[in-house]
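Below is protein.cif, holding mmCIF, C-alpha atoms and all ligand atoms.
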data_structure
#
loop_
_atom_site.group_PDB
_atom_site.id
_atom_site.type_symbol
_atom_site.label_atom_id
_atom_site.label_comp_id
_atom_site.auth_asym_id
_atom_site.auth_seq_id
_atom_site.Cartn_x
_atom_site.Cartn_y
_atom_site.Cartn_z
ATOM 1 C CA MET A 9 54.087 78.748 -179.006
ATOM 2 C CA SER A 10 56.181 81.879 -178.782
ATOM 3 C CA SER A 11 57.550 83.331 -181.997
ATOM 4 C CA ILE A 12 60.540 85.594 -182.347
ATOM 5 C CA GLU A 13 58.122 88.530 -182.753
ATOM 6 C CA THR A 14 56.828 87.965 -179.251
ATOM 7 C CA ILE A 15 60.291 88.817 -177.928
ATOM 8 C CA GLY A 16 60.144 92.183 -179.697
ATOM 9 C CA GLN A 17 62.971 94.547 -180.534
ATOM 10 C CA GLU A 18 62.639 96.605 -177.364
ATOM 11 C CA ARG A 19 62.143 93.708 -174.961
ATOM 12 C CA ARG A 20 65.420 92.890 -173.257
ATOM 13 C CA LEU A 21 66.071 89.486 -171.760
ATOM 14 C CA ARG A 22 68.653 87.879 -169.533
ATOM 15 C CA LEU A 23 69.448 84.485 -168.138
ATOM 16 C CA SER A 24 67.875 83.906 -164.731
ATOM 17 C CA GLY A 25 70.397 84.382 -161.924
ATOM 18 C CA TYR A 26 69.366 80.958 -160.631
ATOM 19 C CA CYS A 27 70.799 79.149 -163.678
ATOM 20 C CA LEU A 28 73.982 77.103 -163.719
ATOM 21 C CA ILE A 29 75.755 76.142 -166.950
ATOM 22 C CA ILE A 30 77.422 72.732 -166.618
ATOM 23 C CA PRO A 31 79.528 71.036 -169.339
ATOM 24 C CA TYR A 32 77.926 67.799 -170.577
ATOM 25 C CA ASP A 33 80.130 66.782 -173.524
ATOM 26 C CA LYS A 34 82.240 68.633 -176.085
ATOM 27 C CA GLU A 35 79.229 70.062 -177.905
ATOM 28 C CA THR A 36 76.554 70.259 -175.272
ATOM 29 C CA TYR A 37 75.969 72.029 -171.968
ATOM 30 C CA ILE A 38 73.376 71.471 -169.278
ATOM 31 C CA LEU A 39 71.427 74.474 -168.091
ATOM 32 C CA PHE A 40 70.096 73.843 -164.594
ATOM 33 C CA HIS A 41 67.565 76.162 -162.925
ATOM 34 C CA THR A 42 68.309 75.795 -159.219
ATOM 35 C CA LEU A 43 65.078 77.469 -158.087
ATOM 36 C CA LYS A 44 62.613 75.715 -160.380
ATOM 37 C CA GLY A 45 64.552 72.458 -160.769
ATOM 38 C CA GLY A 46 64.338 72.756 -164.579
ATOM 39 C CA ILE A 47 66.952 71.277 -166.859
ATOM 40 C CA ALA A 48 67.747 72.019 -170.528
ATOM 41 C CA LEU A 49 70.455 71.085 -172.992
ATOM 42 C CA ILE A 50 72.071 73.841 -175.028
ATOM 43 C CA ASP A 51 74.801 73.794 -177.665
ATOM 44 C CA VAL A 52 78.109 75.669 -177.582
ATOM 45 C CA GLU A 53 76.810 78.643 -179.612
ATOM 46 C CA ALA A 54 73.839 79.185 -177.298
ATOM 47 C CA LYS A 55 76.082 78.783 -174.240
ATOM 48 C CA ASN A 56 78.638 81.309 -175.592
ATOM 49 C CA PHE A 57 75.858 83.743 -176.427
ATOM 50 C CA LEU A 58 74.309 83.486 -172.951
ATOM 51 C CA GLU A 59 77.677 83.830 -171.214
ATOM 52 C CA SER A 60 78.669 86.854 -173.281
ATOM 53 C CA HIS A 61 75.419 88.516 -172.164
ATOM 54 C CA SER A 62 75.552 87.405 -168.550
ATOM 55 C CA LYS A 63 76.319 90.896 -167.187
ATOM 56 C CA SER A 64 73.894 92.856 -169.331
ATOM 57 C CA GLY A 65 70.779 91.557 -171.061
ATOM 58 C CA PHE A 66 70.146 91.363 -174.779
ATOM 59 C CA ALA A 67 67.455 92.145 -177.327
ATOM 60 C CA ALA A 68 66.206 89.836 -180.055
ATOM 61 C CA SER A 69 67.959 91.969 -182.693
ATOM 62 C CA GLU A 70 71.329 91.006 -181.193
ATOM 63 C CA ILE A 71 70.784 87.312 -181.995
ATOM 64 C CA LYS A 72 72.396 86.678 -185.357
ATOM 65 C CA GLU A 73 72.301 82.897 -185.623
ATOM 66 C CA SER A 74 68.959 81.207 -186.253
ATOM 67 C CA GLN A 75 70.031 78.220 -184.128
ATOM 68 C CA VAL A 76 70.688 80.493 -181.139
ATOM 69 C CA ARG A 77 67.429 82.309 -181.839
ATOM 70 C CA GLU A 78 65.535 79.014 -181.559
ATOM 71 C CA ALA A 79 67.339 78.077 -178.338
ATOM 72 C CA VAL A 80 66.507 81.507 -176.886
ATOM 73 C CA LEU A 81 62.824 81.045 -177.686
ATOM 74 C CA ASN A 82 62.769 77.648 -175.994
ATOM 75 C CA LEU A 83 64.574 78.994 -172.929
ATOM 76 C CA LEU A 84 62.204 81.942 -172.734
ATOM 77 C CA GLU A 85 59.208 79.674 -172.919
ATOM 78 C CA SER A 86 60.531 77.394 -170.196
ATOM 79 C CA GLY A 87 61.497 80.196 -167.790
ATOM 80 C CA PHE A 88 65.298 80.067 -168.027
ATOM 81 C CA LEU A 89 65.299 83.521 -169.641
ATOM 82 C CA ILE A 90 63.485 86.401 -168.006
ATOM 83 C CA ASP A 91 62.896 90.081 -168.729
ATOM 84 C CA GLU A 92 65.971 92.084 -167.861
ATOM 85 C CA GLU A 93 64.221 94.325 -165.318
ATOM 86 C CA VAL A 94 62.736 91.471 -163.244
ATOM 87 C CA ASP A 95 63.984 91.626 -159.630
ATOM 88 C CA GLU A 96 64.439 87.924 -158.937
ATOM 89 C CA SER A 97 65.459 88.394 -155.311
ATOM 90 C CA ALA A 98 62.125 90.167 -154.661
ATOM 91 C CA LEU A 99 60.340 87.279 -156.375
ATOM 92 C CA TYR A 100 62.244 84.803 -154.233
ATOM 93 C CA ARG A 101 61.341 86.697 -151.040
ATOM 94 C CA TYR A 102 57.704 86.805 -152.138
ATOM 95 C CA PHE A 103 57.520 83.020 -152.675
ATOM 96 C CA LEU A 104 59.370 82.392 -149.424
ATOM 97 C CA ASN A 105 57.059 84.636 -147.379
ATOM 98 C CA ARG A 106 53.963 83.323 -149.087
ATOM 99 C CA ASN A 107 54.932 79.796 -148.116
ATOM 100 C CA ARG A 108 55.785 80.912 -144.600
ATOM 101 C CA PHE A 109 52.711 82.985 -143.773
ATOM 102 C CA ASP A 110 49.893 81.697 -145.959
ATOM 103 C CA HIS A 111 48.070 79.139 -143.816
ATOM 104 C CA PHE A 112 45.351 78.309 -146.329
ATOM 105 C CA HIS A 113 47.308 75.156 -147.082
ATOM 106 C CA ALA A 114 49.439 73.689 -144.293
ATOM 107 C CA ALA A 115 52.125 71.106 -144.968
ATOM 108 C CA PHE A 116 53.983 68.845 -142.546
ATOM 109 C CA LEU A 117 56.900 66.463 -142.975
ATOM 110 C CA ILE A 118 56.699 63.534 -140.584
ATOM 111 C CA LEU A 119 59.725 61.387 -139.904
ATOM 112 C CA THR A 120 58.525 57.993 -138.705
ATOM 113 C CA THR A 121 62.015 56.546 -138.214
ATOM 114 C CA TYR A 122 65.680 57.202 -138.926
ATOM 115 C CA ALA A 123 66.202 53.493 -139.632
ATOM 116 C CA CYS A 124 66.662 52.348 -143.214
ATOM 117 C CA ASN A 125 66.988 49.021 -145.015
ATOM 118 C CA LEU A 126 69.446 50.433 -147.591
ATOM 119 C CA ALA A 127 73.043 51.607 -147.517
ATOM 120 C CA CYS A 128 73.173 54.230 -150.275
ATOM 121 C CA LYS A 129 76.711 55.425 -150.928
ATOM 122 C CA TYR A 130 75.875 59.098 -150.397
ATOM 123 C CA CYS A 131 73.488 58.709 -147.454
ATOM 124 C CA TYR A 132 73.981 61.605 -145.029
ATOM 125 C CA GLN A 133 73.454 59.129 -142.183
ATOM 126 C CA GLY A 134 76.359 56.913 -143.252
ATOM 127 C CA LEU A 135 76.307 53.197 -142.469
ATOM 128 C CA GLN A 136 75.710 53.479 -138.731
ATOM 129 C CA LYS A 137 72.215 54.874 -138.919
ATOM 130 C CA ARG A 138 70.144 55.884 -135.952
ATOM 131 C CA THR A 139 67.332 53.439 -135.403
ATOM 132 C CA ASP A 140 64.948 55.518 -133.284
ATOM 133 C CA ILE A 141 61.317 55.238 -134.249
ATOM 134 C CA MET A 142 58.280 57.388 -133.609
ATOM 135 C CA THR A 143 56.306 55.517 -130.948
ATOM 136 C CA LEU A 144 52.529 55.229 -131.152
ATOM 137 C CA HIS A 145 52.276 57.558 -128.184
ATOM 138 C CA ILE A 146 54.306 60.204 -130.047
ATOM 139 C CA ALA A 147 52.292 59.583 -133.230
ATOM 140 C CA GLU A 148 49.086 60.313 -131.259
ATOM 141 C CA THR A 149 50.567 63.425 -129.668
ATOM 142 C CA VAL A 150 51.842 64.740 -133.014
ATOM 143 C CA SER A 151 48.449 64.125 -134.673
ATOM 144 C CA LYS A 152 46.606 65.983 -131.914
ATOM 145 C CA TRP A 153 49.032 68.895 -132.083
ATOM 146 C CA ILE A 154 48.644 69.145 -135.884
ATOM 147 C CA CYS A 155 44.827 69.073 -135.682
ATOM 148 C CA LYS A 156 44.843 71.764 -132.977
ATOM 149 C CA LEU A 157 47.145 73.961 -135.065
ATOM 150 C CA LEU A 158 45.043 73.483 -138.191
ATOM 151 C CA ASP A 159 41.855 74.441 -136.326
ATOM 152 C CA PHE A 160 43.571 77.493 -134.829
ATOM 153 C CA ARG A 161 44.883 78.637 -138.237
ATOM 154 C CA ASN A 162 41.679 77.696 -140.009
ATOM 155 C CA SER A 163 43.661 75.901 -142.730
ATOM 156 C CA ARG A 164 41.504 74.657 -145.569
ATOM 157 C CA SER A 165 43.773 71.895 -146.777
ATOM 158 C CA ILE A 166 46.637 69.920 -145.339
ATOM 159 C CA GLY A 167 49.535 68.015 -146.845
ATOM 160 C CA ILE A 168 51.324 65.307 -144.880
ATOM 161 C CA ILE A 169 54.510 63.794 -146.225
ATOM 162 C CA PHE A 170 56.047 60.769 -144.497
ATOM 163 C CA TYR A 171 59.782 60.286 -144.793
ATOM 164 C CA GLY A 172 62.781 58.813 -142.941
ATOM 165 C CA GLY A 173 65.174 56.884 -143.027
ATOM 166 C CA GLU A 174 62.687 54.575 -144.631
ATOM 167 C CA PRO A 175 59.208 55.547 -143.345
ATOM 168 C CA LEU A 176 57.691 52.144 -144.179
ATOM 169 C CA LEU A 177 59.900 50.549 -141.522
ATOM 170 C CA ASN A 178 57.555 52.145 -139.009
ATOM 171 C CA ILE A 179 54.250 51.528 -140.715
ATOM 172 C CA ALA A 180 52.360 51.587 -137.387
ATOM 173 C CA ALA A 181 53.167 55.271 -136.781
ATOM 174 C CA LEU A 182 52.384 56.129 -140.410
ATOM 175 C CA LYS A 183 48.972 54.479 -140.165
ATOM 176 C CA SER A 184 48.228 56.045 -136.798
ATOM 177 C CA VAL A 185 48.955 59.614 -137.967
ATOM 178 C CA SER A 186 47.102 59.035 -141.260
ATOM 179 C CA ASN A 187 44.043 57.686 -139.396
ATOM 180 C CA ASN A 188 43.902 60.630 -137.030
ATOM 181 C CA LEU A 189 44.245 63.188 -139.798
ATOM 182 C CA LEU A 190 41.717 61.415 -142.009
ATOM 183 C CA SER A 191 39.227 61.657 -139.123
ATOM 184 C CA TRP A 192 40.011 65.380 -138.787
ATOM 185 C CA SER A 193 39.557 65.848 -142.521
ATOM 186 C CA ARG A 194 36.174 64.065 -142.532
ATOM 187 C CA ARG A 195 34.999 65.923 -139.423
ATOM 188 C CA THR A 196 35.931 69.360 -140.725
ATOM 189 C CA GLY A 197 35.352 68.808 -144.446
ATOM 190 C CA ARG A 198 38.905 69.989 -145.162
ATOM 191 C CA GLU A 199 41.081 68.410 -147.798
ATOM 192 C CA LEU A 200 43.876 66.002 -146.851
ATOM 193 C CA PHE A 201 46.770 65.191 -149.128
ATOM 194 C CA THR A 202 49.059 62.373 -147.995
ATOM 195 C CA GLY A 203 52.399 61.566 -149.607
ATOM 196 C CA LEU A 204 55.255 59.173 -148.972
ATOM 197 C CA ILE A 205 58.962 59.617 -149.687
ATOM 198 C CA THR A 206 60.277 56.069 -149.801
ATOM 199 C CA ASN A 207 63.188 54.171 -151.280
ATOM 200 C CA GLY A 208 60.475 51.983 -152.839
ATOM 201 C CA VAL A 209 61.829 48.582 -151.794
ATOM 202 C CA LEU A 210 59.043 47.708 -149.341
ATOM 203 C CA LEU A 211 56.208 49.319 -151.246
ATOM 204 C CA THR A 212 54.502 46.295 -152.789
ATOM 205 C CA ARG A 213 51.235 46.435 -154.713
ATOM 206 C CA GLN A 214 49.343 45.088 -151.694
ATOM 207 C CA LEU A 215 50.729 47.682 -149.306
ATOM 208 C CA ALA A 216 50.275 50.522 -151.792
ATOM 209 C CA ASN A 217 46.627 49.561 -152.323
ATOM 210 C CA GLU A 218 46.033 49.363 -148.577
ATOM 211 C CA LEU A 219 47.593 52.792 -148.014
ATOM 212 C CA VAL A 220 45.612 54.312 -150.890
ATOM 213 C CA ASP A 221 42.264 52.735 -149.975
ATOM 214 C CA SER A 222 42.357 52.956 -146.197
ATOM 215 C CA TYR A 223 44.843 55.718 -145.353
ATOM 216 C CA GLY A 224 44.322 58.280 -148.131
ATOM 217 C CA LEU A 225 47.765 57.973 -149.768
ATOM 218 C CA ARG A 226 47.869 60.094 -152.921
ATOM 219 C CA GLN A 227 51.503 60.623 -153.743
ATOM 220 C CA VAL A 228 54.574 58.372 -153.795
ATOM 221 C CA HIS A 229 58.093 59.667 -154.309
ATOM 222 C CA VAL A 230 60.806 57.131 -155.226
ATOM 223 C CA THR A 231 64.384 57.541 -156.412
ATOM 224 C CA PHE A 232 66.243 56.066 -159.379
ATOM 225 C CA ASP A 233 69.829 57.200 -159.802
ATOM 226 C CA GLY A 234 70.052 56.671 -163.554
ATOM 227 C CA ASN A 235 70.056 53.322 -165.315
ATOM 228 C CA LYS A 236 70.343 49.975 -163.497
ATOM 229 C CA LEU A 237 74.156 49.986 -163.572
ATOM 230 C CA TYR A 238 74.538 53.319 -161.784
ATOM 231 C CA HIS A 239 71.494 52.983 -159.597
ATOM 232 C CA ASP A 240 72.641 49.618 -158.230
ATOM 233 C CA LEU A 241 76.118 50.967 -157.490
ATOM 234 C CA ARG A 242 74.706 53.731 -155.325
ATOM 235 C CA ARG A 243 71.362 52.647 -153.988
ATOM 236 C CA CYS A 244 72.060 49.212 -152.620
ATOM 237 C CA PHE A 245 71.343 46.966 -149.653
ATOM 238 C CA PRO A 246 73.952 46.766 -146.860
ATOM 239 C CA ASN A 247 75.294 43.569 -148.523
ATOM 240 C CA GLY A 248 75.953 45.557 -151.719
ATOM 241 C CA SER A 249 73.222 44.048 -153.885
ATOM 242 C CA GLY A 250 71.267 46.459 -156.054
ATOM 243 C CA THR A 251 67.682 47.634 -155.714
ATOM 244 C CA PHE A 252 66.793 48.781 -159.250
ATOM 245 C CA ASP A 253 64.781 45.692 -160.258
ATOM 246 C CA ILE A 254 62.841 45.534 -156.981
ATOM 247 C CA ILE A 255 61.891 49.215 -157.017
ATOM 248 C CA LEU A 256 60.916 49.087 -160.695
ATOM 249 C CA SER A 257 58.848 45.926 -160.308
ATOM 250 C CA ASN A 258 57.058 47.454 -157.290
ATOM 251 C CA LEU A 259 56.484 50.715 -159.146
ATOM 252 C CA LEU A 260 54.935 48.865 -162.102
ATOM 253 C CA SER A 261 52.591 47.039 -159.726
ATOM 254 C CA TYR A 262 51.098 50.174 -158.118
ATOM 255 C CA VAL A 263 51.490 52.763 -160.864
ATOM 256 C CA ASP A 264 47.767 52.644 -161.665
ATOM 257 C CA SER A 265 46.617 52.884 -158.036
ATOM 258 C CA VAL A 266 48.548 55.917 -156.799
ATOM 259 C CA ALA A 267 47.355 59.328 -158.029
ATOM 260 C CA THR A 268 50.788 60.930 -158.413
ATOM 261 C CA ILE A 269 54.199 59.339 -158.598
ATOM 262 C CA THR A 270 57.358 61.409 -158.510
ATOM 263 C CA VAL A 271 60.638 59.853 -159.583
ATOM 264 C CA ARG A 272 63.644 61.704 -158.258
ATOM 265 C CA VAL A 273 66.921 61.278 -160.126
ATOM 266 C CA ASN A 274 70.030 62.383 -158.243
ATOM 267 C CA LEU A 275 72.434 63.617 -160.899
ATOM 268 C CA ASP A 276 76.123 64.268 -161.005
ATOM 269 C CA LYS A 277 78.742 64.230 -163.735
ATOM 270 C CA HIS A 278 79.074 60.431 -163.549
ATOM 271 C CA ASN A 279 75.446 59.430 -164.055
ATOM 272 C CA VAL A 280 73.951 62.369 -165.949
ATOM 273 C CA GLY A 281 74.497 60.550 -169.256
ATOM 274 C CA THR A 282 72.495 57.531 -168.080
ATOM 275 C CA VAL A 283 69.217 59.449 -167.785
ATOM 276 C CA PRO A 284 68.188 58.774 -171.417
ATOM 277 C CA LYS A 285 68.714 55.045 -170.748
ATOM 278 C CA LEU A 286 66.516 55.282 -167.644
ATOM 279 C CA LEU A 287 63.841 57.047 -169.677
ATOM 280 C CA ASP A 288 64.120 54.298 -172.319
ATOM 281 C CA VAL A 289 63.428 51.705 -169.608
ATOM 282 C CA PHE A 290 60.387 53.677 -168.405
ATOM 283 C CA GLN A 291 59.181 53.959 -171.989
ATOM 284 C CA SER A 292 59.617 50.242 -172.635
ATOM 285 C CA TYR A 293 57.153 49.585 -169.772
ATOM 286 C CA GLY A 294 54.712 52.233 -170.985
ATOM 287 C CA LEU A 295 55.376 54.391 -167.931
ATOM 288 C CA GLU A 296 55.587 57.557 -170.031
ATOM 289 C CA LYS A 297 51.787 57.381 -170.337
ATOM 290 C CA SER A 298 51.360 57.355 -166.547
ATOM 291 C CA GLU A 299 51.120 60.246 -164.116
ATOM 292 C CA ILE A 300 54.829 60.211 -163.345
ATOM 293 C CA ARG A 301 56.761 63.380 -162.678
ATOM 294 C CA LEU A 302 60.511 63.420 -163.024
ATOM 295 C CA ARG A 303 62.478 65.582 -160.643
ATOM 296 C CA TYR A 304 66.181 66.065 -161.074
ATOM 297 C CA ASN A 305 68.465 66.830 -158.148
ATOM 298 C CA GLY A 306 71.954 68.102 -158.889
ATOM 299 C CA PHE A 307 74.981 66.825 -156.954
ATOM 300 C CA LYS A 308 78.599 67.931 -157.227
HETATM 301 S S1 LIG B 1 67.201 55.256 -148.830
HETATM 302 FE FE1 LIG B 1 67.627 57.297 -148.027
HETATM 303 S S2 LIG B 1 67.903 56.993 -145.830
HETATM 304 FE FE2 LIG B 1 68.071 54.984 -146.796
HETATM 305 S S3 LIG B 1 70.278 54.698 -147.123
HETATM 306 FE FE3 LIG B 1 69.394 55.558 -148.996
HETATM 307 S S4 LIG B 1 69.683 57.792 -148.796
HETATM 308 FE FE4 LIG B 1 69.936 56.884 -146.752
#
Can you turn what I pasted into structure tokens?
Ligand code: SF4
Amino acid sequence: MSSIETIGQERRLRLSGYCLIIPYDKETYILFHTLKGGIALIDVEAKNFLESHSKSGFAASEIKESQVREAVLNLLESGFLIDEEVDESALYRYFLNRNRFDHFHAAFLILTTYACNLACKYCYQGLQKRTDIMTLHIAETVSKWICKLLDFRNSRSIGIIFYGGEPLLNIAALKSVSNNLLSWSRRTGRELFTGLITNGVLLTRQLANELVDSYGLRQVHVTFDGNKLYHDLRRCFPNGSGTFDIILSNLLSYVDSVATITVRVNLDKHNVGTVPKLLDVFQSYGLEKSEIRLRYNGFK
């Protein structure tokens, strides 16, 4: 734990330039770190203090209120506050270039189909979705190309993420690519990490176990848009019926088989208040003890 002494009189801090301050209710504000995806709640005093020091940084000695002092410590610990002299744009460029040019780990996103069984209100594809699928011939060609590239770059580990549309609507291509890359991984002794971004409706216990046991699936990423009420309004079938119960019941059935589960929550001003209720539901099923990561996405 940091203490106020660790800030020091001479150490000057400032709010990261990647932070947004968003009103939550009359007494609370949401601090959202757009680069790290972090989220924190702050009160009016802490918000006023941070805004009044947004141009220039501040030292610990300038914090008069103990409540603000505590908030500052928490924000420092969680990376919302940084040392005043840190050049964040240089840091950003460093991370960007490292991801672009470091081939030790190679990652690929594979779209198996644009088709989807849902009609989410905010879907960028709208209601008339494309229905093209990756054929088995293309799946073979893509696998060969990836293996060739990995050998050429001498990558030591590889991450494959399947997405769509709904990637499970083209399970044949998903299995074909996974098979080919598993063979490459066994042949070369390199590590393979396979993940799936799915709406979660088709991912039953049986399918999840098959994908884990035979196709090396290690990560599943599903979305809940707040509690059942809000989720069902937004993430629904084309006939308007909700998906919350199906996705949750599926998730509970495979939560112990999949190594990592990420739950994305798309937030905006309408559903942000329902997140505690969603967390209560997860807690009531004991999911807080599982390897579940929450990831918040901000919408306007
Ligand atoms: S699950 Fe994804 S692809 Fe399918 S309708 Fe919803 S947002 Fe669109």
Inset, instruction - For the structure provided, state which residues fall under the PyMOL selection byres (((chain A and resi 142) around 10) and not hetatm), and present them as an MDAnalysis selection string. - result: chainID A and resid 118:122 140:141 143:148 150 175 178 180:182
Can I get the selected residues back with C-alpha atoms, as an mmCIF file, keeping the file's coordinate frame?
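So selection.cif came out as:
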data_model
loop_
_atom_site.group_PDB
_atom_site.id
_atom_site.type_symbol
_atom_site.label_atom_id
_atom_site.label_comp_id
_atom_site.auth_asym_id
_atom_site.auth_seq_id
_atom_site.Cartn_x
_atom_site.Cartn_y
_atom_site.Cartn_z
ATOM 1 C CA ILE A 118 56.699 63.534 -140.584
ATOM 2 C CA LEU A 119 59.725 61.387 -139.904
ATOM 3 C CA THR A 120 58.525 57.993 -138.705
ATOM 4 C CA THR A 121 62.015 56.546 -138.214
ATOM 5 C CA TYR A 122 65.680 57.202 -138.926
ATOM 6 C CA ASP A 140 64.948 55.518 -133.284
ATOM 7 C CA ILE A 141 61.317 55.238 -134.249
ATOM 8 C CA THR A 143 56.306 55.517 -130.948
ATOM 9 C CA LEU A 144 52.529 55.229 -131.152
ATOM 10 C CA HIS A 145 52.276 57.558 -128.184
ATOM 11 C CA ILE A 146 54.306 60.204 -130.047
ATOM 12 C CA ALA A 147 52.292 59.583 -133.230
ATOM 13 C CA GLU A 148 49.086 60.313 -131.259
ATOM 14 C CA VAL A 150 51.842 64.740 -133.014
ATOM 15 C CA PRO A 175 59.208 55.547 -143.345
ATOM 16 C CA ASN A 178 57.555 52.145 -139.009
ATOM 17 C CA ALA A 180 52.360 51.587 -137.387
ATOM 18 C CA ALA A 181 53.167 55.271 -136.781
ATOM 19 C CA LEU A 182 52.384 56.129 -140.410
#
Once 5 Å is added on each side, what centre and edge lengths in Å to one decimal does the axis-aligned box around all listed atoms of ligand LIG 1 (chain B) have, as JSON?
{"center_x": 68.7, "center_y": 56.2, "center_z": -147.4, "size_x": 13.1, "size_y": 13.1, "size_z": 13.2}
Give me, as JSON lines, each residue of chain A that comes within 12 Å of ligand LIG 1 (chain B), together with its shortest interatomic pair and the distance in Å at one decimal, counting all atoms listed in the file, with rows ordered by chain and rising residue number.
{"residue": "A:Leu119", "atom": "CA", "partner": "B:LIG1", "partner_atom": "S2", "distance": 11.0}
{"residue": "A:Thr120", "atom": "CA", "partner": "B:LIG1", "partner_atom": "S2", "distance": 11.8}
{"residue": "A:Thr121", "atom": "CA", "partner": "B:LIG1", "partner_atom": "S2", "distance": 9.6}
{"residue": "A:Tyr122", "atom": "CA", "partner": "B:LIG1", "partner_atom": "S2", "distance": 7.3}
{"residue": "A:Ala123", "atom": "CA", "partner": "B:LIG1", "partner_atom": "S2", "distance": 7.3}
{"residue": "A:Cys124", "atom": "CA", "partner": "B:LIG1", "partner_atom": "FE2", "distance": 4.7}
{"residue": "A:Asn125", "atom": "CA", "partner": "B:LIG1", "partner_atom": "FE2", "distance": 6.3}
{"residue": "A:Leu126", "atom": "CA", "partner": "B:LIG1", "partner_atom": "S3", "distance": 4.4}
{"residue": "A:Ala127", "atom": "CA", "partner": "B:LIG1", "partner_atom": "S3", "distance": 4.2}
{"residue": "A:Cys128", "atom": "CA", "partner": "B:LIG1", "partner_atom": "FE3", "distance": 4.2}
{"residue": "A:Lys129", "atom": "CA", "partner": "B:LIG1", "partner_atom": "S3", "distance": 7.5}
{"residue": "A:Tyr130", "atom": "CA", "partner": "B:LIG1", "partner_atom": "S4", "distance": 6.5}
{"residue": "A:Cys131", "atom": "CA", "partner": "B:LIG1", "partner_atom": "FE4", "distance": 4.1}
{"residue": "A:Tyr132", "atom": "CA", "partner": "B:LIG1", "partner_atom": "FE4", "distance": 6.5}
{"residue": "A:Gln133", "atom": "CA", "partner": "B:LIG1", "partner_atom": "FE4", "distance": 6.2}
{"residue": "A:Gly134", "atom": "CA", "partner": "B:LIG1", "partner_atom": "FE4", "distance": 7.3}
{"residue": "A:Leu135", "atom": "CA", "partner": "B:LIG1", "partner_atom": "S3", "distance": 7.8}
{"residue": "A:Gln136", "atom": "CA", "partner": "B:LIG1", "partner_atom": "S3", "distance": 10.1}
{"residue": "A:Lys137", "atom": "CA", "partner": "B:LIG1", "partner_atom": "FE4", "distance": 8.4}
{"residue": "A:Arg138", "atom": "CA", "partner": "B:LIG1", "partner_atom": "S2", "distance": 10.2}
{"residue": "A:Thr139", "atom": "CA", "partner": "B:LIG1", "partner_atom": "S2", "distance": 11.0}
{"residue": "A:Tyr171", "atom": "CA", "partner": "B:LIG1", "partner_atom": "S2", "distance": 8.8}
{"residue": "A:Gly172", "atom": "CA", "partner": "B:LIG1", "partner_atom": "S2", "distance": 6.2}
{"residue": "A:Gly173", "atom": "CA", "partner": "B:LIG1", "partner_atom": "S2", "distance": 3.9}
{"residue": "A:Glu174", "atom": "CA", "partner": "B:LIG1", "partner_atom": "FE2", "distance": 5.8}
{"residue": "A:Pro175", "atom": "CA", "partner": "B:LIG1", "partner_atom": "S2", "distance": 9.2}
{"residue": "A:Leu176", "atom": "CA", "partner": "B:LIG1", "partner_atom": "S1", "distance": 11.0}
{"residue": "A:Leu177", "atom": "CA", "partner": "B:LIG1", "partner_atom": "FE2", "distance": 10.7}
{"residue": "A:Ile205", "atom": "CA", "partner": "B:LIG1", "partner_atom": "FE1", "distance": 9.1}
{"residue": "A:Thr206", "atom": "CA", "partner": "B:LIG1", "partner_atom": "S1", "distance": 7.0}
{"residue": "A:Asn207", "atom": "CA", "partner": "B:LIG1", "partner_atom": "S1", "distance": 4.8}
{"residue": "A:Gly208", "atom": "CA", "partner": "B:LIG1", "partner_atom": "S1", "distance": 8.5}
{"residue": "A:Val209", "atom": "CA", "partner": "B:LIG1", "partner_atom": "S1", "distance": 9.1}
{"residue": "A:Leu210", "atom": "CA", "partner": "B:LIG1", "partner_atom": "S1", "distance": 11.1}
{"residue": "A:His229", "atom": "CA", "partner": "B:LIG1", "partner_atom": "S1", "distance": 11.5}
{"residue": "A:Val230", "atom": "CA", "partner": "B:LIG1", "partner_atom": "S1", "distance": 9.2}
{"residue": "A:Thr231", "atom": "CA", "partner": "B:LIG1", "partner_atom": "S1", "distance": 8.4}
{"residue": "A:Phe232", "atom": "CA", "partner": "B:LIG1", "partner_atom": "S1", "distance": 10.6}
{"residue": "A:Asp233", "atom": "CA", "partner": "B:LIG1", "partner_atom": "FE3", "distance": 10.9}
{"residue": "A:His239", "atom": "CA", "partner": "B:LIG1", "partner_atom": "FE3", "distance": 11.1}
{"residue": "A:Asp240", "atom": "CA", "partner": "B:LIG1", "partner_atom": "FE3", "distance": 11.4}
{"residue": "A:Leu241", "atom": "CA", "partner": "B:LIG1", "partner_atom": "FE3", "distance": 11.8}
{"residue": "A:Arg242", "atom": "CA", "partner": "B:LIG1", "partner_atom": "FE3", "distance": 8.5}
{"residue": "A:Arg243", "atom": "CA", "partner": "B:LIG1", "partner_atom": "FE3", "distance": 6.1}
{"residue": "A:Cys244", "atom": "CA", "partner": "B:LIG1", "partner_atom": "FE3", "distance": 7.8}
{"residue": "A:Phe245", "atom": "CA", "partner": "B:LIG1", "partner_atom": "S3", "distance": 8.2}
{"residue": "A:Pro246", "atom": "CA", "partner": "B:LIG1", "partner_atom": "S3", "distance": 8.7}
{"residue": "A:Gly248", "atom": "CA", "partner": "B:LIG1", "partner_atom": "S3", "distance": 11.7}
{"residue": "A:Gly250", "atom": "CA", "partner": "B:LIG1", "partner_atom": "FE3", "distance": 11.7}
{"residue": "A:Thr251", "atom": "CA", "partner": "B:LIG1", "partner_atom": "S1", "distance": 10.3}
{"residue": "A:Ile255", "atom": "CA", "partner": "B:LIG1", "partner_atom": "S1", "distance": 11.5}
{"residue": "A:Arg272", "atom": "CA", "partner": "B:LIG1", "partner_atom": "FE1", "distance": 11.8}
{"residue": "A:Asn274", "atom": "CA", "partner": "B:LIG1", "partner_atom": "S4", "distance": 10.5}
Legend entry - Selection result for the PyMOL selection byres (((chain A and resi 283) around 12) and not hetatm) on this file, as an MDAnalysis selection string: chainID A and resid 232:239 271:282 284:290 302:304
